[in-house]
>>> print(open('start.cif').read())   # mmCIF, C-alpha atoms
data_run
#
loop_
_atom_site.label_atom_id
_atom_site.label_comp_id
_atom_site.auth_asym_id
_atom_site.auth_seq_id
_atom_site.Cartn_x
_atom_site.Cartn_y
_atom_site.Cartn_z
CA MET A 1 19.44 139.71 66.59
CA ARG A 2 16.14 138.23 67.86
CA TYR A 3 14.20 139.02 64.70
CA SER A 4 16.75 137.01 62.71
CA LEU A 5 15.33 133.92 64.43
CA GLU A 6 11.90 134.69 62.97
CA ASN A 7 12.82 135.97 59.53
CA PRO A 8 16.32 134.81 58.53
CA HIS A 9 15.76 135.52 54.83
CA ALA A 10 15.37 139.24 55.57
CA TYR A 11 18.91 139.28 56.92
CA VAL A 12 20.31 137.44 53.93
CA GLU A 13 18.62 139.93 51.60
CA SER A 14 19.71 143.01 53.55
CA ASN A 15 23.06 142.14 55.12
CA LEU A 16 24.42 139.94 52.35
CA ALA A 17 22.78 140.90 49.04
CA GLY A 18 22.31 144.51 50.16
CA PHE A 19 25.89 144.87 51.34
CA MET A 20 27.11 143.35 48.08
CA ASN A 21 25.34 146.18 46.26
CA VAL A 22 27.11 148.68 48.52
CA LEU A 23 30.51 147.17 47.72
CA GLU A 24 29.85 147.10 43.99
CA GLY A 25 28.65 150.71 44.15
CA CYS A 26 31.88 151.69 45.91
CA ARG A 27 33.97 149.86 43.31
CA HIS A 28 32.31 151.46 40.31
CA ALA A 29 32.10 154.93 41.87
CA HIS A 30 35.74 154.80 43.07
CA VAL A 31 34.71 155.62 46.64
CA PRO A 32 37.79 156.77 48.57
CA HIS A 33 36.77 155.21 51.91
CA LEU A 34 33.94 152.88 52.95
CA VAL A 35 32.99 152.99 56.63
CA PHE A 36 30.44 150.31 57.45
CA ALA A 37 28.55 149.10 60.52
CA SER A 38 29.46 145.75 61.96
CA SER A 39 28.35 144.56 65.40
CA SER A 40 29.61 143.30 68.75
CA SER A 41 27.56 140.19 68.00
CA VAL A 42 30.41 138.88 65.83
CA TYR A 43 32.27 137.90 69.02
CA GLY A 44 29.69 135.13 69.45
CA ALA A 45 30.94 132.36 71.73
CA ASN A 46 34.09 134.29 72.73
CA THR A 47 34.42 134.67 76.50
CA LEU A 48 37.82 136.38 76.86
CA MET A 49 37.04 139.98 77.78
CA PRO A 50 37.26 142.75 76.94
CA PHE A 51 36.55 141.79 73.34
CA SER A 52 39.39 142.85 71.05
CA VAL A 53 39.42 143.25 67.26
CA HIS A 54 42.61 141.17 67.36
CA GLN A 55 40.66 138.10 68.54
CA ASN A 56 39.41 135.40 66.21
CA VAL A 57 35.61 135.65 65.71
CA ASP A 58 34.74 132.46 63.87
CA HIS A 59 32.05 131.19 66.25
CA PRO A 60 28.86 133.25 65.79
CA VAL A 61 25.79 132.15 67.77
CA SER A 62 23.12 133.81 65.62
CA LEU A 63 22.49 134.24 61.90
CA TYR A 64 22.58 138.02 62.45
CA ALA A 65 26.11 137.72 63.83
CA ALA A 66 27.14 135.49 60.94
CA THR A 67 25.90 138.03 58.39
CA LYS A 68 27.81 140.85 60.09
CA LYS A 69 30.99 138.76 60.12
CA ALA A 70 30.30 138.03 56.44
CA ASN A 71 30.13 141.79 55.81
CA GLU A 72 33.60 142.17 57.30
CA LEU A 73 34.94 139.37 55.09
CA MET A 74 33.27 140.76 51.97
CA ALA A 75 34.68 144.24 52.64
CA HIS A 76 38.14 142.77 53.19
CA ALA A 77 37.94 140.94 49.87
CA TYR A 78 37.08 144.19 48.06
CA ALA A 79 39.85 146.03 49.90
CA ALA A 80 42.31 143.36 48.77
CA LEU A 81 41.02 143.04 45.19
CA TYR A 82 40.21 146.63 44.31
CA LYS A 83 42.21 148.60 46.91
CA ILE A 84 39.04 150.18 48.33
CA PRO A 85 39.92 151.42 51.83
CA CYS A 86 37.37 149.86 54.20
CA THR A 87 36.78 150.39 57.91
CA GLY A 88 34.38 148.21 59.87
CA LEU A 89 32.93 149.46 63.14
CA ARG A 90 31.71 146.97 65.71
CA PHE A 91 28.99 148.78 67.65
CA PHE A 92 28.16 147.72 71.20
CA THR A 93 24.49 147.94 72.36
CA VAL A 94 23.69 151.39 71.03
CA TYR A 95 20.95 153.39 72.78
CA GLY A 96 19.59 156.92 72.77
CA PRO A 97 16.94 159.18 71.19
CA TRP A 98 15.45 158.00 67.90
CA GLY A 99 16.60 154.46 68.56
CA ARG A 100 14.71 151.49 67.19
CA PRO A 101 11.43 150.88 69.07
CA ASP A 102 12.24 147.18 69.44
CA MET A 103 15.36 147.86 71.51
CA ALA A 104 15.37 147.25 75.27
CA LEU A 105 15.46 150.84 76.54
CA PHE A 106 12.58 151.91 74.28
CA LEU A 107 10.51 148.85 75.26
CA PHE A 108 11.29 149.21 78.96
CA THR A 109 10.49 152.92 79.09
CA ASP A 110 7.22 152.51 77.22
CA ALA A 111 6.11 149.55 79.34
CA ILE A 112 6.99 151.15 82.69
CA LEU A 113 5.18 154.38 81.84
CA GLN A 114 2.15 152.40 80.65
CA GLY A 115 2.15 150.12 83.70
CA ARG A 116 2.94 146.97 81.72
CA PRO A 117 5.47 144.28 82.74
CA ILE A 118 8.85 144.15 81.03
CA ASP A 119 10.51 140.99 79.72
CA VAL A 120 13.88 140.45 81.41
CA TYR A 121 15.92 137.70 79.76
CA ASN A 122 18.37 135.42 81.55
CA GLN A 123 16.74 136.50 84.82
CA GLY A 124 18.55 139.82 84.35
CA ALA A 125 21.97 138.19 84.78
CA MET A 126 23.42 139.71 81.61
CA LYS A 127 25.95 142.46 81.09
CA ARG A 128 26.00 144.84 78.15
CA ASP A 129 28.43 147.54 77.09
CA PHE A 130 25.66 150.13 76.61
CA THR A 131 26.94 152.88 74.30
CA TYR A 132 25.20 156.22 73.93
CA ILE A 133 24.41 157.32 70.39
CA ASP A 134 26.41 160.58 70.60
CA ASP A 135 29.54 158.54 71.35
CA ILE A 136 28.84 156.29 68.38
CA ILE A 137 28.47 159.32 66.09
CA GLU A 138 31.66 160.92 67.39
CA GLY A 139 33.55 157.70 66.71
CA ILE A 140 32.15 157.40 63.19
CA VAL A 141 33.00 161.00 62.29
CA ARG A 142 36.57 160.64 63.53
CA VAL A 143 37.12 157.33 61.76
CA MET A 144 35.80 158.74 58.46
CA ASP A 145 38.86 160.97 58.21
CA LEU A 146 41.29 158.12 58.98
CA ILE A 147 41.69 156.21 55.73
CA PRO A 148 43.22 152.78 56.45
CA GLU A 149 46.49 151.75 54.84
CA PRO A 150 48.00 148.30 54.47
CA ASP A 151 49.89 147.07 57.54
CA THR A 152 53.43 146.40 56.34
CA ASN A 153 54.05 144.25 59.44
CA TRP A 154 51.11 141.93 58.77
CA ASP A 155 52.28 138.30 58.73
CA GLY A 156 50.35 135.60 56.91
CA ASP A 157 51.99 132.94 59.10
CA ARG A 158 50.50 134.62 62.17
CA PRO A 159 47.53 136.56 60.79
CA ASP A 160 46.18 139.31 63.02
CA PRO A 161 42.38 139.62 62.53
CA GLY A 162 42.52 143.30 63.49
CA THR A 163 44.92 144.40 60.73
CA SER A 164 45.64 143.42 57.13
CA PHE A 165 47.96 143.56 54.15
CA ALA A 166 45.00 145.34 52.46
CA PRO A 167 43.72 148.86 53.20
CA TYR A 168 41.32 147.52 55.82
CA LYS A 169 40.75 148.19 59.51
CA LEU A 170 38.35 147.20 62.31
CA TYR A 171 37.42 149.13 65.45
CA ASN A 172 35.21 148.48 68.45
CA ILE A 173 33.00 151.38 69.47
CA GLY A 174 31.71 150.58 72.94
CA ASN A 175 31.52 152.25 76.32
CA ASN A 176 34.26 149.98 77.73
CA ASN A 177 32.17 149.63 80.90
CA PRO A 178 29.68 146.72 80.95
CA VAL A 179 26.56 147.17 83.09
CA GLU A 180 24.34 144.43 84.49
CA LEU A 181 20.86 144.42 82.98
CA MET A 182 19.24 144.67 86.41
CA ARG A 183 21.37 147.74 87.18
CA PHE A 184 20.30 149.20 83.85
CA ILE A 185 16.64 148.68 84.77
CA GLU A 186 17.13 150.11 88.27
CA THR A 187 18.70 153.24 86.77
CA LEU A 188 15.71 153.64 84.47
CA GLU A 189 13.33 153.18 87.42
CA ASP A 190 15.16 155.90 89.35
CA ILE A 191 14.99 158.30 86.40
CA LEU A 192 11.28 157.67 85.77
CA GLY A 193 10.39 157.54 89.46
CA MET A 194 8.44 154.32 88.84
CA LYS A 195 9.05 150.64 89.53
CA ALA A 196 8.99 148.04 86.77
CA GLU A 197 7.00 144.85 86.97
CA LYS A 198 9.51 142.26 85.75
CA ASN A 199 8.71 139.12 83.78
CA LEU A 200 11.87 137.04 84.34
CA LEU A 201 12.68 134.76 81.41
CA PRO A 202 15.51 132.41 80.37
CA ILE A 203 18.21 133.55 77.98
CA GLN A 204 17.12 133.50 74.35
CA PRO A 205 18.78 131.35 71.68
CA GLY A 206 21.52 133.33 69.94
CA ASP A 207 21.99 135.72 72.87
CA VAL A 208 25.23 136.06 74.84
CA PRO A 209 25.61 136.65 78.58
CA ALA A 210 28.01 139.60 78.34
CA THR A 211 29.67 142.12 76.02
CA PHE A 212 32.68 144.31 76.82
CA ALA A 213 34.57 146.40 74.26
CA ASP A 214 38.32 146.86 74.12
CA VAL A 215 38.63 150.33 72.56
CA ASP A 216 42.41 150.75 72.80
CA ASP A 217 42.86 150.82 69.01
CA LEU A 218 40.14 153.45 68.60
CA ALA A 219 41.64 155.64 71.33
CA LYS A 220 45.15 155.27 69.92
CA ASP A 221 44.25 155.98 66.31
CA VAL A 222 41.59 158.72 66.60
CA GLY A 223 42.07 160.01 70.16
CA PHE A 224 38.57 159.17 71.33
CA LYS A 225 36.69 156.55 73.30
CA PRO A 226 33.04 156.49 74.40
CA SER A 227 32.49 157.58 77.98
CA THR A 228 28.86 158.68 78.50
CA PRO A 229 27.60 157.18 81.80
CA ILE A 230 24.31 155.28 81.54
CA GLN A 231 22.68 157.68 84.01
CA GLU A 232 23.38 160.59 81.69
CA GLY A 233 22.49 158.78 78.49
CA MET A 234 19.28 157.27 79.85
CA LYS A 235 18.15 160.61 81.26
CA LYS A 236 18.58 162.20 77.82
CA PHE A 237 16.66 159.33 76.26
CA THR A 238 13.71 159.55 78.68
CA GLU A 239 13.49 163.33 78.22
CA TRP A 240 13.37 162.82 74.46
CA TYR A 241 10.88 159.95 74.78
CA LYS A 242 8.41 161.95 76.85
CA GLU A 243 8.64 164.92 74.47
CA TRP A 244 8.27 162.62 71.45
CA THR A 245 5.20 160.82 72.81
CA MET A 246 3.60 164.16 73.70
CA ASP A 247 4.17 165.36 70.13
CA THR A 248 2.67 162.20 68.61
CA ASP A 249 -0.42 162.02 70.85
#
>>> encode(input="start.cif", output="structure tokens")
Amino acid sequence: MRYSLENPHAYVESNLAGFMNVLEGCRHAHVPHLVFASSSSVYGANTLMPFSVHQNVDHPVSLYAATKKANELMAHAYAALYKIPCTGLRFFTVYGPWGRPDMALFLFTDAILQGRPIDVYNQGAMKRDFTYIDDIIEGIVRVMDLIPEPDTNWDGDRPDPGTSFAPYKLYNIGNNNPVELMRFIETLEDILGMKAEKNLLPIQPGDVPATFADVDDLAKDVGFKPSTPIQEGMKKFTEWYKEWTMDTD
């Protein structure tokens, strides 16, 4: 999200033009089911929690969020026009081994081990539904086998954003257990056996104070919901990180 403030055109090229190429490829190749990554960021200014796919999400607070909502709309249009079954997955703060190096856990771990201060936004008073990568993968694999069908009960007079008259479906994949950022950092300190020097900063433009996933639809339809505790997931990450840095030295 933060990089979209610096380079918005990259997100237009990737998330809009790039996703258009994906949809056209699916149409011409007669793909039987498109599963695509959306984001919890689409909830934007929503404050009713936990966030549900049945809520309206028309108030993004970052360009990144707007492009991910646009992906959902584009996929729905192709599902309606060309009957391509599409499933969008709203991921919530994914972390784990081989994650992006610009994500918080990677940055925090590296800085603490190197004795550098960490940037803590909103004075640490944020909550995130941190979701371990293995849970994300399990959710994706299960959803791949569940091809969406039109909802015969969908009503255009009272449109439900989470279902459709088209073969289209949305799911949240989140841990359903938001954790305060300071608690997240304290857990990492305990695992590493080192204290972090914290550079407390205000909340960044486009950021939101909290995320919290309602995963009832996912659990009902595929019999799974993420459940890895942050202590377990962060321990696996730090073990991988230390091994990875040793291998690259």
>>> resolve_selection(input="start.cif", expression="the PyMOL selection byres ((chain A and resi 224) around 10)", output="number ranges by chain")
A: 135, 138-139, 142-143, 173, 215-223, 225-227
>>> resolve_selection(input="start.cif", expression="the PyMOL selection byres ((chain A and resi 20) around 12)", output="PyMOL selection string")
chain A and resi 12-19+21-27+67+70-75+77-78
>>> closest_residue(input="start.cif", among="A:Ile84, A:Ala104, A:Val61, A:Leu48", to="His28 in chain A", atoms="all atoms listed in the file")
A:Ile84
>>> residues_around(input="start.cif", residues="Gly206 in chain A", least_positions_apart="6", cutoff="9 Å", atoms="all atoms listed in the file", output="list in words")
Met1, Arg2, Leu5, Gly44, Pro60, Val61, Ser62, Leu63, Tyr64 and Ala65 of chain A
>>> residues_around(input="start.cif", residues="Glu180 in chain A", least_positions_apart="6", cutoff="7 Å", atoms="only C-alpha atoms", output="list in words")
Ala125, Met126, Lys127 and Arg128 of chain A
>>> atom_distance(input="start.cif", atom1="CA of Asn199 in chain A", atom2="CA of Phe106 in chain A")
16.4 Å
>>> build_atoms(input="start.cif", residues="range 11-28 of chain A", atoms="N, CA, C and O atoms", output="short mmCIF file (atom, residue, chain, number, x, y, z; two decimals), in the frame of the given file")
data_model
loop_
_atom_site.label_atom_id
_atom_site.label_comp_id
_atom_site.auth_asym_id
_atom_site.auth_seq_id
_atom_site.Cartn_x
_atom_site.Cartn_y
_atom_site.Cartn_z
N TYR A 11 17.53 138.93 56.61
CA TYR A 11 18.91 139.28 56.92
C TYR A 11 19.85 138.91 55.77
O TYR A 11 20.84 139.58 55.52
N VAL A 12 19.54 137.82 55.11
CA VAL A 12 20.31 137.44 53.93
C VAL A 12 20.14 138.50 52.83
O VAL A 12 21.11 138.93 52.20
N GLU A 13 18.90 138.94 52.63
CA GLU A 13 18.62 139.93 51.60
C GLU A 13 19.27 141.28 51.91
O GLU A 13 19.83 141.94 51.04
N SER A 14 19.19 141.69 53.17
CA SER A 14 19.71 143.01 53.55
C SER A 14 21.22 142.98 53.78
O SER A 14 21.97 143.74 53.16
N ASN A 15 21.66 142.11 54.68
CA ASN A 15 23.06 142.14 55.12
C ASN A 15 24.02 141.48 54.13
O ASN A 15 25.22 141.81 54.14
N LEU A 16 23.54 140.58 53.32
CA LEU A 16 24.42 139.94 52.35
C LEU A 16 24.22 140.52 50.94
O LEU A 16 25.13 141.15 50.40
N ALA A 17 23.03 140.34 50.38
CA ALA A 17 22.78 140.90 49.04
C ALA A 17 22.86 142.42 49.06
O ALA A 17 23.45 143.04 48.16
N GLY A 18 22.27 143.05 50.07
CA GLY A 18 22.31 144.51 50.16
C GLY A 18 23.72 145.04 50.30
O GLY A 18 24.10 146.02 49.64
N PHE A 19 24.52 144.41 51.15
CA PHE A 19 25.89 144.87 51.34
C PHE A 19 26.73 144.64 50.08
O PHE A 19 27.64 145.42 49.77
N MET A 20 26.41 143.58 49.35
CA MET A 20 27.11 143.35 48.08
C MET A 20 26.87 144.51 47.12
O MET A 20 27.78 144.97 46.42
N ASN A 21 25.64 145.02 47.11
CA ASN A 21 25.34 146.18 46.26
C ASN A 21 26.15 147.40 46.70
O ASN A 21 26.61 148.19 45.86
N VAL A 22 26.31 147.56 48.01
CA VAL A 22 27.11 148.68 48.52
C VAL A 22 28.56 148.57 48.03
O VAL A 22 29.16 149.54 47.55
N LEU A 23 29.12 147.37 48.14
CA LEU A 23 30.51 147.17 47.72
C LEU A 23 30.69 147.41 46.22
O LEU A 23 31.66 148.05 45.79
N GLU A 24 29.75 146.89 45.43
CA GLU A 24 29.85 147.10 43.99
C GLU A 24 29.69 148.58 43.63
O GLU A 24 30.36 149.09 42.74
N GLY A 25 28.80 149.27 44.36
CA GLY A 25 28.65 150.71 44.15
C GLY A 25 29.94 151.45 44.46
O GLY A 25 30.34 152.36 43.71
N CYS A 26 30.61 151.05 45.54
CA CYS A 26 31.88 151.69 45.91
C CYS A 26 32.95 151.42 44.85
O CYS A 26 33.73 152.31 44.51
N ARG A 27 32.96 150.20 44.33
CA ARG A 27 33.97 149.86 43.31
C ARG A 27 33.77 150.68 42.04
O ARG A 27 34.73 151.27 41.51
N HIS A 28 32.55 150.77 41.57
CA HIS A 28 32.31 151.46 40.31
C HIS A 28 32.36 152.98 40.44
O HIS A 28 32.67 153.68 39.48
#
